[in-house]
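File shown: work-v3.tsv. Contents: TSV, C-alpha atoms.
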```tsv
chain	number	residue	atom	x	y	z
A	24	MET	CA	-107.52	-211.70	-10.28
A	25	PRO	CA	-104.32	-209.62	-9.86
A	26	GLY	CA	-101.24	-210.37	-11.91
A	27	TYR	CA	-97.91	-208.79	-11.02
A	28	VAL	CA	-94.75	-208.47	-13.10
A	29	LEU	CA	-91.52	-208.69	-11.09
A	30	ASP	CA	-88.29	-207.32	-12.49
A	31	GLY	CA	-84.88	-207.05	-10.86
A	32	ALA	CA	-85.39	-207.31	-7.11
A	33	GLY	CA	-89.15	-206.78	-7.29
A	34	ARG	CA	-91.46	-208.49	-4.82
A	35	VAL	CA	-95.17	-209.01	-4.30
A	36	ASP	CA	-97.49	-210.61	-1.72
A	37	LEU	CA	-99.81	-213.49	-2.63
A	38	PRO	CA	-102.42	-215.26	-0.47
A	39	ARG	CA	-100.95	-217.99	1.73
A	40	GLN	CA	-102.27	-220.87	-0.36
A	41	PRO	CA	-100.65	-223.65	-2.39
A	42	LEU	CA	-98.58	-222.29	-5.27
A	43	ALA	CA	-97.90	-223.55	-8.80
A	44	VAL	CA	-94.62	-222.63	-10.50
A	45	THR	CA	-94.27	-222.79	-14.28
A	46	VAL	CA	-90.98	-222.17	-16.10
A	47	THR	CA	-90.65	-222.49	-19.86
A	48	ALA	CA	-88.03	-221.82	-22.53
A	49	LEU	CA	-88.40	-222.14	-26.28
A	50	ASP	CA	-87.08	-225.56	-27.44
A	51	VAL	CA	-85.06	-226.05	-24.23
A	52	PRO	CA	-86.05	-228.50	-21.44
A	53	VAL	CA	-86.11	-226.92	-17.98
A	54	VAL	CA	-85.79	-228.78	-14.68
A	55	LEU	CA	-87.20	-227.09	-11.57
A	56	ARG	CA	-85.92	-227.52	-8.02
A	57	VAL	CA	-87.36	-226.05	-4.85
A	58	LEU	CA	-84.75	-225.59	-2.13
A	59	THR	CA	-84.87	-224.61	1.52
A	60	ALA	CA	-82.89	-221.59	2.72
A	61	ASP	CA	-79.93	-223.87	3.60
A	62	GLY	CA	-79.83	-225.40	0.12
A	63	ALA	CA	-81.59	-228.71	0.78
A	64	ASP	CA	-84.39	-229.97	-1.46
A	65	SER	CA	-87.83	-229.12	-0.17
A	66	VAL	CA	-89.57	-232.38	0.79
A	67	SER	CA	-93.04	-230.96	0.20
A	68	ALA	CA	-92.55	-229.81	-3.40
A	69	LEU	CA	-94.20	-231.86	-6.15
A	70	TYR	CA	-93.01	-232.05	-9.77
A	71	PRO	CA	-95.84	-233.35	-11.99
A	72	LYS	CA	-93.90	-232.61	-15.19
A	73	PRO	CA	-90.71	-230.86	-16.38
A	74	GLY	CA	-90.81	-227.12	-15.82
A	75	PHE	CA	-93.72	-227.34	-13.41
A	76	ALA	CA	-93.80	-227.59	-9.61
A	77	VAL	CA	-96.55	-227.48	-7.01
A	78	LEU	CA	-95.89	-226.18	-3.50
A	79	PRO	CA	-98.78	-227.48	-1.34
A	80	ARG	CA	-97.56	-225.94	1.90
A	81	ILE	CA	-94.93	-223.26	2.60
A	82	ASP	CA	-93.95	-222.90	6.25
A	83	ALA	CA	-90.45	-221.47	5.76
A	84	GLU	CA	-88.53	-219.57	3.08
A	85	ILE	CA	-87.90	-221.53	-0.11
A	86	VAL	CA	-85.90	-220.78	-3.27
A	87	VAL	CA	-87.10	-221.68	-6.77
A	88	VAL	CA	-84.21	-222.84	-8.96
A	89	ALA	CA	-84.08	-223.73	-12.67
A	90	THR	CA	-81.49	-225.97	-14.33
A	91	PRO	CA	-81.23	-227.10	-17.95
A	92	GLY	CA	-82.42	-230.54	-18.92
A	93	THR	CA	-79.00	-231.13	-20.48
A	94	VAL	CA	-75.45	-231.39	-19.10
A	95	THR	CA	-74.09	-228.55	-21.21
A	96	GLY	CA	-75.84	-225.59	-19.62
A	97	PHE	CA	-78.56	-223.42	-21.11
A	98	PRO	CA	-77.75	-222.74	-24.79
A	99	GLN	CA	-76.96	-219.25	-26.03
A	100	GLY	CA	-80.15	-217.22	-26.37
A	101	THR	CA	-82.17	-219.17	-23.78
A	102	VAL	CA	-84.80	-216.97	-22.13
A	103	LEU	CA	-86.88	-218.29	-19.23
A	104	GLN	CA	-90.52	-217.34	-18.72
A	105	THR	CA	-91.58	-217.83	-15.09
A	106	THR	CA	-94.99	-217.65	-13.43
A	107	ILE	CA	-95.72	-218.29	-9.75
A	108	ALA	CA	-99.47	-218.48	-9.17
A	109	VAL	CA	-101.95	-219.53	-6.52
A	110	ASP	CA	-102.82	-223.17	-7.28
A	111	SER	CA	-106.60	-223.01	-7.12
A	112	ASP	CA	-109.40	-224.89	-8.82
A	113	GLN	CA	-111.82	-222.19	-7.75
A	114	THR	CA	-110.80	-219.60	-10.34
A	115	MET	CA	-109.58	-219.56	-13.92
A	116	ASP	CA	-107.44	-216.48	-13.24
A	117	PRO	CA	-105.67	-216.86	-9.87
A	118	ASP	CA	-103.36	-214.32	-8.23
A	119	ARG	CA	-99.96	-214.67	-9.83
A	120	ALA	CA	-96.49	-213.18	-10.09
A	121	GLU	CA	-94.74	-213.16	-13.45
A	122	LEU	CA	-90.98	-212.64	-13.62
A	123	THR	CA	-89.66	-210.56	-16.48
A	124	PRO	CA	-88.12	-212.81	-19.17
A	125	LEU	CA	-84.65	-213.84	-18.01
A	126	ASP	CA	-81.68	-214.58	-20.29
A	127	VAL	CA	-79.81	-217.54	-18.76
A	128	SER	CA	-77.40	-218.29	-21.61
A	129	GLY	CA	-74.47	-220.42	-20.45
A	130	LEU	CA	-75.71	-221.04	-16.91
A	131	HIS	CA	-76.11	-224.47	-15.32
A	132	HIS	CA	-78.22	-223.21	-12.43
A	133	VAL	CA	-80.18	-220.03	-11.80
A	134	GLU	CA	-82.12	-218.91	-8.74
A	135	LEU	CA	-85.39	-217.41	-9.92
A	136	ALA	CA	-87.31	-216.37	-6.83
A	137	THR	CA	-87.72	-216.79	-3.10
A	138	VAL	CA	-91.05	-217.35	-1.40
A	139	THR	CA	-91.30	-216.34	2.27
A	140	PRO	CA	-94.36	-216.85	4.48
A	141	TYR	CA	-95.56	-214.28	7.00
A	142	GLY	CA	-99.01	-214.23	8.57
A	143	ASP	CA	-101.61	-215.08	5.96
A	144	ARG	CA	-99.42	-213.94	3.03
A	145	LEU	CA	-96.54	-215.24	0.94
A	146	THR	CA	-93.91	-212.80	-0.29
A	147	VAL	CA	-92.55	-213.69	-3.74
A	148	ALA	CA	-89.27	-211.92	-4.51
A	149	ALA	CA	-87.33	-212.06	-7.78
A	150	ARG	CA	-83.71	-213.10	-7.31
A	151	LYS	CA	-82.25	-211.59	-10.48
A	152	THR	CA	-81.10	-208.13	-9.44
A	153	ALA	CA	-79.11	-207.10	-12.53
A	154	VAL	CA	-80.10	-206.83	-16.17
A	155	ASP	CA	-77.59	-207.98	-18.78
A	156	VAL	CA	-75.93	-205.21	-20.74
A	157	PRO	CA	-76.54	-205.52	-24.50
A	158	LEU	CA	-73.72	-207.07	-26.55
A	159	ASN	CA	-73.04	-207.94	-30.17
A	160	ASP	CA	-73.51	-211.57	-31.26
A	161	LEU	CA	-69.92	-212.69	-30.61
A	162	GLY	CA	-69.79	-210.84	-27.30
A	163	ALA	CA	-73.07	-212.45	-26.21
A	164	ARG	CA	-71.79	-215.90	-27.15
A	165	ALA	CA	-68.53	-215.23	-25.30
A	166	ARG	CA	-70.49	-214.11	-22.22
A	167	SER	CA	-72.47	-217.33	-22.38
A	168	ALA	CA	-69.25	-219.35	-22.65
A	169	ALA	CA	-67.64	-217.48	-19.75
A	170	ARG	CA	-70.68	-218.18	-17.59
A	171	GLY	CA	-70.48	-221.83	-18.54
A	172	VAL	CA	-66.79	-221.99	-17.65
A	173	LEU	CA	-67.08	-220.14	-14.35
A	174	GLY	CA	-70.52	-221.39	-13.37
A	175	VAL	CA	-71.75	-217.92	-12.41
A	176	ASP	CA	-73.86	-215.19	-13.96
A	177	ARG	CA	-71.19	-212.68	-12.86
A	178	LEU	CA	-68.20	-213.08	-10.58
A	179	PRO	CA	-68.87	-211.94	-7.01
A	180	GLU	CA	-67.86	-208.32	-6.55
A	181	SER	CA	-64.92	-209.33	-4.35
A	182	ARG	CA	-63.41	-211.33	-7.24
A	183	GLN	CA	-64.19	-208.99	-10.12
A	184	VAL	CA	-61.23	-207.37	-11.90
A	185	ARG	CA	-60.52	-204.32	-13.99
A	186	VAL	CA	-60.27	-205.61	-17.56
A	187	GLU	CA	-57.70	-203.89	-19.79
A	188	VAL	CA	-56.76	-204.63	-23.39
A	189	ASP	CA	-53.40	-203.56	-24.80
A	190	VAL	CA	-53.36	-203.73	-28.59
A	191	ASP	CA	-50.08	-203.98	-30.49
A	192	THR	CA	-50.16	-201.36	-33.28
A	193	THR	CA	-46.73	-201.97	-34.79
A	194	MET	CA	-46.23	-202.62	-38.51
A	195	SER	CA	-46.47	-206.42	-38.33
A	196	MET	CA	-50.01	-206.15	-36.99
A	197	SER	CA	-51.28	-204.35	-40.09
A	198	PRO	CA	-52.82	-207.44	-41.80
A	199	LEU	CA	-54.59	-208.48	-38.59
A	200	ILE	CA	-55.95	-204.98	-38.11
A	201	ASP	CA	-57.09	-204.70	-41.72
A	202	ASP	CA	-58.89	-208.07	-41.85
A	203	GLY	CA	-60.83	-207.43	-38.65
A	204	SER	CA	-59.04	-210.02	-36.48
A	205	VAL	CA	-58.21	-207.48	-33.76
A	206	ARG	CA	-61.72	-206.07	-33.86
A	207	GLU	CA	-63.11	-209.58	-33.38
A	208	ILE	CA	-60.91	-210.23	-30.36
A	209	VAL	CA	-62.13	-206.99	-28.77
A	210	ASP	CA	-65.72	-208.09	-29.42
A	211	LEU	CA	-64.92	-211.44	-27.81
A	212	LEU	CA	-63.46	-209.72	-24.76
A	213	THR	CA	-66.59	-207.63	-24.24
A	214	GLY	CA	-68.39	-210.86	-23.35
A	215	VAL	CA	-65.62	-211.87	-20.97
A	216	ALA	CA	-65.65	-208.41	-19.34
A	217	ALA	CA	-69.42	-208.64	-18.83
A	218	VAL	CA	-68.85	-211.63	-16.52
A	219	ILE	CA	-65.55	-210.85	-14.77
A	220	GLY	CA	-65.16	-207.08	-15.11
A	221	ARG	CA	-65.76	-204.42	-12.52
A	222	ARG	CA	-68.67	-202.22	-13.58
A	223	GLU	CA	-68.81	-204.31	-16.78
A	224	GLU	CA	-66.17	-202.05	-18.34
A	225	LEU	CA	-63.41	-202.60	-20.88
A	226	HIS	CA	-60.34	-200.33	-20.99
A	227	VAL	CA	-58.35	-200.35	-24.25
A	228	ASN	CA	-54.89	-198.96	-25.08
A	229	LEU	CA	-53.27	-198.87	-28.52
A	230	ILE	CA	-49.51	-199.31	-28.20
A	231	GLY	CA	-47.34	-198.18	-31.12
A	232	HIS	CA	-45.11	-195.10	-31.20
A	233	THR	CA	-47.03	-193.96	-28.13
A	234	VAL	CA	-49.77	-195.26	-25.86
A	235	THR	CA	-53.21	-194.12	-27.00
A	236	PRO	CA	-56.19	-194.90	-24.75
A	237	VAL	CA	-59.43	-195.61	-26.61
A	238	ARG	CA	-62.60	-194.29	-25.04
A	239	VAL	CA	-65.16	-197.12	-24.90
A	240	SER	CA	-68.64	-195.72	-24.38
A	241	GLU	CA	-70.34	-199.10	-23.86
A	242	LEU	CA	-69.41	-202.75	-24.31
A	243	ARG	CA	-71.62	-203.26	-27.36
A	244	SER	CA	-69.82	-200.51	-29.28
A	245	ALA	CA	-66.29	-201.33	-28.09
A	246	ALA	CA	-65.22	-203.31	-31.17
A	247	ASP	CA	-66.36	-200.58	-33.59
A	248	GLU	CA	-64.76	-197.82	-31.51
A	249	VAL	CA	-61.45	-199.69	-31.31
A	250	GLN	CA	-61.50	-200.45	-35.04
A	251	ALA	CA	-62.11	-196.78	-35.84
A	252	ALA	CA	-59.15	-195.84	-33.64
A	253	LEU	CA	-56.99	-198.51	-35.29
A	254	ASP	CA	-57.89	-197.25	-38.78
A	255	SER	CA	-56.53	-193.81	-37.93
A	256	ALA	CA	-53.58	-194.89	-35.78
A	257	GLY	CA	-50.00	-194.56	-36.95
A	258	LEU	CA	-48.20	-197.91	-36.85
A	259	GLY	CA	-44.98	-198.14	-34.87
A	260	ILE	CA	-41.93	-200.39	-34.78
A	261	GLY	CA	-40.79	-202.56	-31.89
A	262	PHE	CA	-43.77	-203.41	-29.69
A	263	ARG	CA	-43.31	-202.79	-25.94
A	264	SER	CA	-45.93	-204.80	-24.07
A	265	THR	CA	-45.14	-203.04	-20.78
A	266	ALA	CA	-45.46	-199.51	-22.19
A	267	VAL	CA	-48.37	-198.85	-19.83
A	268	ASP	CA	-46.90	-198.46	-16.34
A	269	ARG	CA	-49.12	-200.30	-13.87
A	270	SER	CA	-46.45	-200.83	-11.21
A	271	GLY	CA	-48.25	-198.70	-8.66
A	272	TRP	CA	-51.73	-200.10	-9.21
A	273	SER	CA	-53.61	-201.61	-6.27
A	274	GLU	CA	-56.85	-202.42	-8.11
A	275	PRO	CA	-57.01	-206.08	-9.18
A	276	THR	CA	-56.44	-205.93	-12.94
A	277	LEU	CA	-56.31	-208.42	-15.79
A	278	VAL	CA	-54.46	-207.19	-18.88
A	279	TYR	CA	-55.05	-208.93	-22.20
A	280	THR	CA	-52.25	-208.10	-24.66
A	281	VAL	CA	-53.30	-208.56	-28.30
A	282	THR	CA	-50.26	-209.04	-30.51
A	283	ASP	CA	-48.85	-211.30	-33.24
A	284	GLY	CA	-45.88	-212.81	-31.44
A	285	ILE	CA	-44.41	-213.22	-27.98
A	286	PRO	CA	-43.06	-209.75	-27.14
A	287	ALA	CA	-39.38	-209.25	-26.40
A	288	ASP	CA	-40.18	-207.73	-23.01
A	289	ASP	CA	-41.87	-209.63	-20.21
A	290	VAL	CA	-45.56	-209.65	-21.12
A	291	GLY	CA	-46.11	-212.70	-18.95
A	292	GLY	CA	-44.95	-211.01	-15.77
A	293	SER	CA	-47.65	-210.62	-13.14
A	294	SER	CA	-47.88	-208.97	-9.76
A	295	THR	CA	-50.33	-209.51	-6.95
A	296	ASP	CA	-52.72	-206.93	-8.36
A	297	VAL	CA	-51.91	-206.97	-12.10
A	298	ARG	CA	-52.08	-210.18	-14.12
A	299	ARG	CA	-51.07	-210.29	-17.76
A	300	ARG	CA	-52.51	-212.65	-20.32
A	301	PRO	CA	-51.29	-212.40	-23.94
A	302	ILE	CA	-53.52	-213.21	-26.91
A	303	ILE	CA	-51.29	-214.17	-29.81
A	304	LEU	CA	-52.86	-213.79	-33.25
A	305	SER	CA	-51.36	-215.43	-36.29
A	306	ALA	CA	-52.10	-215.71	-39.97
A	307	GLN	CA	-50.89	-219.32	-39.88
A	308	ALA	CA	-52.97	-222.47	-39.51
A	309	ASP	CA	-55.10	-222.77	-36.38
A	310	THR	CA	-53.00	-223.45	-33.31
A	311	MET	CA	-53.48	-223.13	-29.59
A	312	SER	CA	-50.37	-222.93	-27.45
A	313	ALA	CA	-49.35	-222.03	-23.93
A	314	ALA	CA	-46.14	-220.82	-22.37
A	315	GLY	CA	-45.93	-222.08	-18.82
A	316	THR	CA	-49.21	-221.18	-17.16
A	317	THR	CA	-49.83	-218.17	-19.37
A	318	PRO	CA	-52.56	-218.81	-21.97
A	319	LEU	CA	-51.73	-217.88	-25.53
A	320	VAL	CA	-54.44	-217.89	-28.15
A	321	GLY	CA	-53.32	-218.75	-31.67
A	322	GLY	CA	-55.11	-217.78	-34.88
A	323	PRO	CA	-56.42	-217.16	-37.27
A	324	LEU	CA	-59.37	-215.83	-35.31
A	325	HIS	CA	-61.11	-214.36	-38.33
A	326	ARG	CA	-64.81	-213.99	-38.89
A	327	GLY	CA	-66.31	-217.23	-40.09
A	328	SER	CA	-63.58	-219.39	-38.57
A	329	ARG	CA	-62.96	-220.93	-35.15
A	330	LEU	CA	-64.97	-218.46	-33.09
A	331	ASP	CA	-68.13	-219.55	-34.90
A	332	ASP	CA	-67.64	-223.05	-33.48
A	333	PRO	CA	-69.19	-223.30	-29.97
A	334	ALA	CA	-66.62	-225.84	-28.77
A	335	GLU	CA	-63.69	-223.75	-30.01
A	336	LEU	CA	-65.16	-220.59	-28.54
A	337	PHE	CA	-65.67	-222.31	-25.19
A	338	GLU	CA	-62.06	-223.54	-25.19
A	339	THR	CA	-60.76	-220.06	-26.04
A	340	VAL	CA	-62.83	-218.39	-23.31
A	341	GLN	CA	-61.81	-221.09	-20.86
A	342	MET	CA	-58.17	-220.09	-21.35
A	343	LEU	CA	-58.96	-216.40	-21.07
A	344	VAL	CA	-60.72	-216.71	-17.70
A	345	ALA	CA	-58.64	-219.51	-16.20
A	346	GLY	CA	-57.98	-219.11	-12.47
A	347	LEU	CA	-60.56	-216.36	-11.89
A	348	ALA	CA	-63.07	-218.29	-9.80
A	349	SER	CA	-62.96	-220.86	-7.04
A	350	ALA	CA	-65.42	-223.67	-6.53
A	351	SER	CA	-67.18	-221.61	-3.85
A	352	ASP	CA	-68.20	-219.06	-6.51
A	353	SER	CA	-70.16	-221.60	-8.52
A	354	GLU	CA	-73.89	-221.13	-9.06
A	355	GLY	CA	-74.30	-224.74	-10.06
A	356	LEU	CA	-71.77	-226.19	-12.44
A	357	ALA	CA	-72.81	-229.54	-13.82
A	358	SER	CA	-71.57	-232.34	-11.62
```

Structure rendered as structure tokens:
Amino acid sequence: MPGYVLDGAGRVDLPRQPLAVTVTALDVPVVLRVLTADGADSVSALYPKPGFAVLPRIDAEIVVVATPGTVTGFPQGTVLQTTIAVDSDQTMDPDRAELTPLDVSGLHHVELATVTPYGDRLTVAARKTAVDVPLNDLGARARSAARGVLGVDRLPESRQVRVEVDVDTTMSMSPLIDDGSVREIVDLLTGVAAVIGRREELHVNLIGHTVTPVRVSELRSAADEVQAALDSAGLGIGFRSTAVDRSGWSEPTLVYTVTDGIPADDVGGSSTDVRRRPIILSAQADTMSAAGTTPLVGGPLHRGSRLDDPAELFETVQMLVAGLASASDSEGLAS
């Protein structure tokens, strides 16, 4: 019998018969829920076992939802395999729709598909309309953490921001540039940008003697491209965190300033459309501090240290995205 693969916003029609839904993930328990269009639990759905649901009768649109069988969200690297098939004892190979494998790292709730009846058919439509951009390992883990913090796959378009990174390239930053600490922060921010950023873009400026924009071709290559620019940049004296004039900007923007100490000028100043959030690196013992409501990230954030710890990474990302989403944006934070 026919089998259909649904990707993105794909849809297919199946016979109007009882359906069986199967969702699996390697080594991760999955809990299925079947909801009505207004978000209530469907009273007709049956759940014989975890990751499996039977829909004996579908008279109105329903939504198939998956949640992790833990309170911490789907772990990094979790990929769901979903099949929605006609539940029939009459054939060994019933009509079915298979969703393309879906990475749900960091999410507490994900809508997989809708099923809508019309006439003698059922329309199965995939709900995932965007494919994740590829990221390096740290960026992928940061994306997972940001999703866990915000409770969404991506911020709604109305709340997305332009993500900019200003990197201090004065003399005191030399050790942190040379040991890869700055590169690692940029890699971390690619994951954050993938969740909160408009067009999933990252805009980077090196600030030393002059302001030098760095062309970032794609998020996955951002850290390498910034490091290459840093390796050839002349180091300046006297960092000016406000060297990039954004006073006339109307696009909602979040500026991360990567430096090794609180700048003499007002890096914490924010306007309605431009918010500034400094990331303070240090070669001293691990610290995490805050000045007022402005998050400051202390170091060292070197490879093999705190960013390898999931709890520390989550805490760091939590500070970096604080205040960016309201409860109404949530796709199902753990209650």

(message) Just to confirm, what's the straight-line distance from CA of Thr47 (chain A) to CA of Pro91 (chain A) in Å (one decimal)?
(response)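 CA of Thr47 (chain A) sits 10.7 Å away from CA of Pro91 (chain A).
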
*When distances are computed from all atoms listed in the file, which of A:Gly129, A:Gly142, A:Pro73, A:Gly100 shows the smallest separation from Asp36 (chain A)?*
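Looking at the shortest contact to Asp36 (chain A), the residue is A:Gly142.
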
CA of Ala256 (chain A) to CA of Val239 (chain A) measures 16.0 Å

Between A:Val184, A:Val237, A:Ala43, A:Val209, smallest distance to Arg221 (chain A) by all atoms listed in the file belongs to A:Val184

* **Nearest-residue call for Asp201 (chain A), choices A:Asp254, A:Asp50, A:Glu121, A:Asp110, using only C-alpha atoms** =>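 Among A:Asp254, A:Asp50, A:Glu121, A:Asp110, it is A:Asp254 that comes nearest to Asp201 (chain A).
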
Using only C-alpha atoms, the best pick from A:Pro79, A:Gly257, A:Gly174, A:Gly220 as closest to Gln341 (chain A) would be A:Gly174

One decimal, Å: what's the distance from CA of Ala287 (chain A) over to CA of Ile303 (chain A), could you say?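 Separating CA of Ala287 (chain A) from CA of Ile303 (chain A) is a distance of 13.3 Å.
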
Q. Excluding same-chain residues fewer than 2 positions from Gln99 (chain A), what lies within 7 Å of it counting all atoms listed in the file, as a list in words?
A.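 Counting only the stated atoms, we get Phe97, Thr101, Ser128, Gly129, Arg164 and Ser167 of chain A.
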
One residue among A:Ala89, A:Asp288, A:Val46, A:Pro98 is nearest to Gly74 (chain A) when using only C-alpha atoms, and that residue is A:Val46

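Minimum atom-to-atom distance to Glu241 (chain A), evaluated using all atoms listed in the file, belongs to A:Ala216 out of A:Val127, A:Ala345, A:Ala216, A:Val54.
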
Specify the axis-aligned box that encloses all atoms of region 155-158 of chain A listed in the file after padding of 5 Å on each side, stating its centre and edge lengths in Å to one decimal as AutoDock Vina command-line options.
```
--center_x -75.7 --center_y -206.6 --center_z -22.7 --size_x 13.9 --size_y 12.8 --size_z 17.8
```

Any idea what's packed within 9 Å of Ala76 (chain A), counting all atoms listed in the file, ignoring anything in its chain fewer than 3 positions away? Could you give it as an NGL selection string?
:A and (42-46 or 55-57 or 68-73)

task = Would you kindly return, as a list in words, each protein, DNA or RNA residue with an atom no farther than 8 Å from any atom of Leu253 (chain A), considering only C-alpha atoms and excluding same-chain residues fewer than 5 positions away?
result = Thr192, Ile200 and Leu229 of chain A

Note to self: Would you pick out the contacts of Glu187 (chain A) at 6 Å or less, using only C-alpha atoms, so that residues sharing its chain but fewer than 5 positions from it are not included, and give the list as JSON, numbers by chain?
What the structure shows: {"A": [225, 226, 227, 278]}
